[in-house]
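Participant: Questions regarding the structure given below will be posed in turn.
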Amino acid sequence: MTTERVVVVGAGIAGLVSALLLAQRGLQVTVVDAAAEPGGKIRRLMVDGAPIDSGPTVFTMKWIFDGILEAAGTRLDRELVTRPLPVLARHFWENGDALDLFADPAASFDAVARFAGLAEAERFRGFCAQAREVYDTLEGPFIRSASPTLMRMTGDLGLRGLSVLTRLGPMKSLWDVLARHFRDPRLQQLFGRYATYCGSSPWEAPATLMLIAQVEMDGVWAVEGGMHALAQMMARLGRERGVTFRWGARCERIETTGGRASGVRLEGGERLAADRVVFNGDIAALAGGLLGPEATRAATPVGPRSLSAVTWSIHAPTEGLALDRHNVFFRGEYRSEFTDIFEAGRLPRQPTVYVCAQDRGEDGPQPGAQRLLCLVNAPAVGGRGQITPEALAECESTTFSLLRHCGLSLSPQAHQVVRTSPDDFDRLFPATGGALYGQATHGWMSAFARSPSASAVPGLYLAGGSVHPGPGVPMAAMSGQLAAAAVMDSLASTSRWHPVATSGGMSTP
Ligand SMILES: Cc1cc2nc3c(=O)[nH]c(=O)nc-3n(C[C@H](O)[C@H](O)[C@H](O)COP(=O)(O)OP(=O)(O)OC[C@H]3O[C@@H](n4cnc5c(N)ncnc54)[C@H](O)[C@@H]3O)c2cc1C
């Protein structure tokens, strides 16, 4: 057993992954989190006695977790029950139009042909082919790379990759490229929405973000027990490998000795000495001085804050509309949602509404009260008193009137709904204003602006949705993997480190 001590600040998915992989390699790992349980944004709220997934609900890129669990000496399907969903998402428009996208590409083609005509379905096929190409081109040189720079990536892409990006027009926005592919504004809207998966506006996000559409078309899974079961499972595996978890333990300072991270100080004064520290909060908290003066130079957030959200976790009966598990309700006009949020800094007057009906899936509707998460995008202005109770009430009213207009009858009693606002998210994730995805991916260089796992402070590593490769559960998990690999690399370069034998080994993604 090594005496190398690592403190991981934060038990979000990235912190859990780092902790698990480092403990698997024999390091002494302690995780401290201000919250009472693992998961961070993978939140579960109890509403009217029912557990509701109130953070991420769309589980994609399962292969990343397959790799992590293999490196931890086990298998995902041994530890967690997941089920591929035949319907990726059901989309409704306020004029009564509806379109399902399916895991089966041929079924999606037929659905788009019925919805918008054969010529548009052919264009949809062309869009899918380009999304696939962009994804395949960027997965290795960008997503899996420990710290991609434009120069390095250009070298790694090769002639074929460069020609894929040149054809796409790397400096174009996602919206520009969608306008090139589709004639039907509803399809532009539908695929533009993927920019919001990393907290960005389709008008500002680079065209390369069309790869998110590919990620979803590669499969969406339901997790038995909800997304929270994923976080619980990772924490359990960590504990089994010797990780110590400290809940309700807020870190108020990352300490350094001779310029190198040497431990953390918790609220209340307790000190935990460490040889290395992994920080899983948002880097805005580091830069803003919330973790003490020594850590401010660790990383600098570049660009505007990403989207926040207003969410309603609901346990109530629904009637009138056949929901699938993932449902999106669009209005005719799309752009004002993003000008309201990113330019005016106010709640959108015409929000798109996402509804996750957590009891639905391939087994069809369940009788009785349903577990729902409703979400609309919001500006990350939490903590400034900028969102008034009146503005929130108005947002709630427009949100639920759109659902009603589309035919969904839903009237929860007060005790059947818990609302979370940007102010609440700011309290949960300090220094973010409630931004849920780090910095927005706006502009074609923004993807290269995210910090790598090795920070500017020796011995301090970064993991989570605010650093490379970006937000979303699988990407943040990958950042946890990259941070663990960076810790192991730094240990390998010191003579006192002698690895213990492990069954899984550490794979750098
Ligand atoms: C409403 C919502 C919907 C989403 N939908 C999806 C989706 O459908 N699919 C998807 O893939 N992603 C989605 N996301 C994004 C996804 O949840 C996140 O990108 C991902 O979970 C972030 O993980 P993380 O590792 O960055 O850690 P976080 O989840 O940000 O957790 C960080 C942890 O660090 C702790 N912490 C921070 N500072 C300190 C400190 N000083 N001391 C102690 N503890 C500290 C916090 O308490 C927290 O537990 C959604 C997020 C939200 C909120």
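Identifiers in the structure tokens: chain A, B, ... in order shown; residue index from 1 per chain; ligand index from 1 in order shown.
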Step one, run DSSP on the backbone; step two, keep only residues of stretch 319-505 of chain A assigned to strand (DSSP E or B); then write them as a PyMOL selection string.
Facilitator: chain A and resi 319+326-330+353-357+370-378+409+417-420+439+454+460-462
Participant: Residues of chain A that approach ligand 1 to 7 Å or less, counting only C-alpha atoms and all ligand atoms: could you list each one with the shortest pair of atoms and its distance in Å to one decimal, rows by chain and increasing residue number, as CSV?
Facilitator:
residue,atom,partner,partner_atom_place_in_ligand_line,distance
A:Val9,CA,ligand 1,43 (C),5.3
A:Gly10,CA,ligand 1,34 (O),3.2
A:Ala11,CA,ligand 1,49 (O),5.0
A:Gly12,CA,ligand 1,31 (O),3.4
A:Ile13,CA,ligand 1,25 (O),4.1
A:Ala14,CA,ligand 1,25 (O),3.6
A:Gly15,CA,ligand 1,25 (O),5.8
A:Val32,CA,ligand 1,43 (C),5.5
A:Asp33,CA,ligand 1,44 (N),3.5
A:Ala34,CA,ligand 1,43 (C),4.1
A:Ala35,CA,ligand 1,47 (O),4.8
A:Pro38,CA,ligand 1,49 (O),6.4
A:Gly39,CA,ligand 1,49 (O),5.8
A:Gly40,CA,ligand 1,49 (O),3.2
A:Lys41,CA,ligand 1,29 (O),3.6
A:Ile42,CA,ligand 1,21 (O),5.3
A:Ser54,CA,ligand 1,1 (C),5.9
A:Gly55,CA,ligand 1,2 (C),3.7
A:Pro56,CA,ligand 1,5 (N),3.2
A:Thr57,CA,ligand 1,8 (O),4.0
A:Val58,CA,ligand 1,8 (O),3.7
A:Phe59,CA,ligand 1,9 (N),5.6
A:Thr60,CA,ligand 1,11 (O),6.6
A:Tyr197,CA,ligand 1,6 (C),6.8
A:Ala249,CA,ligand 1,43 (C),5.8
A:Arg250,CA,ligand 1,42 (N),3.6
A:Cys251,CA,ligand 1,42 (N),3.7
A:Glu252,CA,ligand 1,41 (N),5.6
A:Asn280,CA,ligand 1,34 (O),5.3
A:Gly281,CA,ligand 1,37 (C),3.9
A:Asp282,CA,ligand 1,30 (O),6.5
A:Leu291,CA,ligand 1,41 (N),6.4
A:Ala309,CA,ligand 1,1 (C),6.5
A:Thr311,CA,ligand 1,1 (C),6.5
A:Leu375,CA,ligand 1,1 (C),6.9
A:Leu428,CA,ligand 1,47 (O),6.3
A:Phe429,CA,ligand 1,37 (C),6.0
A:Pro430,CA,ligand 1,38 (N),6.9
A:Leu436,CA,ligand 1,53 (C),5.4
A:Tyr437,CA,ligand 1,19 (O),5.5
A:Ala463,CA,ligand 1,25 (O),6.4
A:Gly464,CA,ligand 1,26 (O),3.3
A:Gly465,CA,ligand 1,26 (O),3.7
A:Ser466,CA,ligand 1,26 (O),6.3
A:Pro471,CA,ligand 1,19 (O),3.9
A:Gly472,CA,ligand 1,19 (O),3.5
A:Val473,CA,ligand 1,11 (O),3.8
A:Pro474,CA,ligand 1,11 (O),5.9
A:Ala476,CA,ligand 1,25 (O),5.0
A:Ala477,CA,ligand 1,25 (O),6.4
Participant: Counting only C-alpha atoms, which residue out of A:Pro458, A:Gly368, A:Pro412, A:Pro185 sits closest to A:Ala116?
Facilitator: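 That would be A:Pro185, the residue with the smallest distance to A:Ala116.
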Participant: Quick one: DSSP alpha helix (DSSP H) residues in stretch 75-282 of chain A, as a PyMOL selection string?
Facilitator: chain A and resi 76-79+105-116+118-138+150-168+174-181+185-192+211-217+227-240
Participant: Could you please determine the separation between atom CA of A:Ser336 and atom CA of A:Tyr354 in Å, to one decimal place?
Facilitator: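 Between atom CA of A:Ser336 and atom CA of A:Tyr354 the gap works out to 17.0 Å.
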Participant: Here is a test: counting only C-alpha atoms, which residue of A:Leu323, A:Met153, A:Ala378, A:Ala89 is nearest to A:Ala447?
Facilitator: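 Residue with the minimum atom-to-atom distance to A:Ala447: A:Met153.
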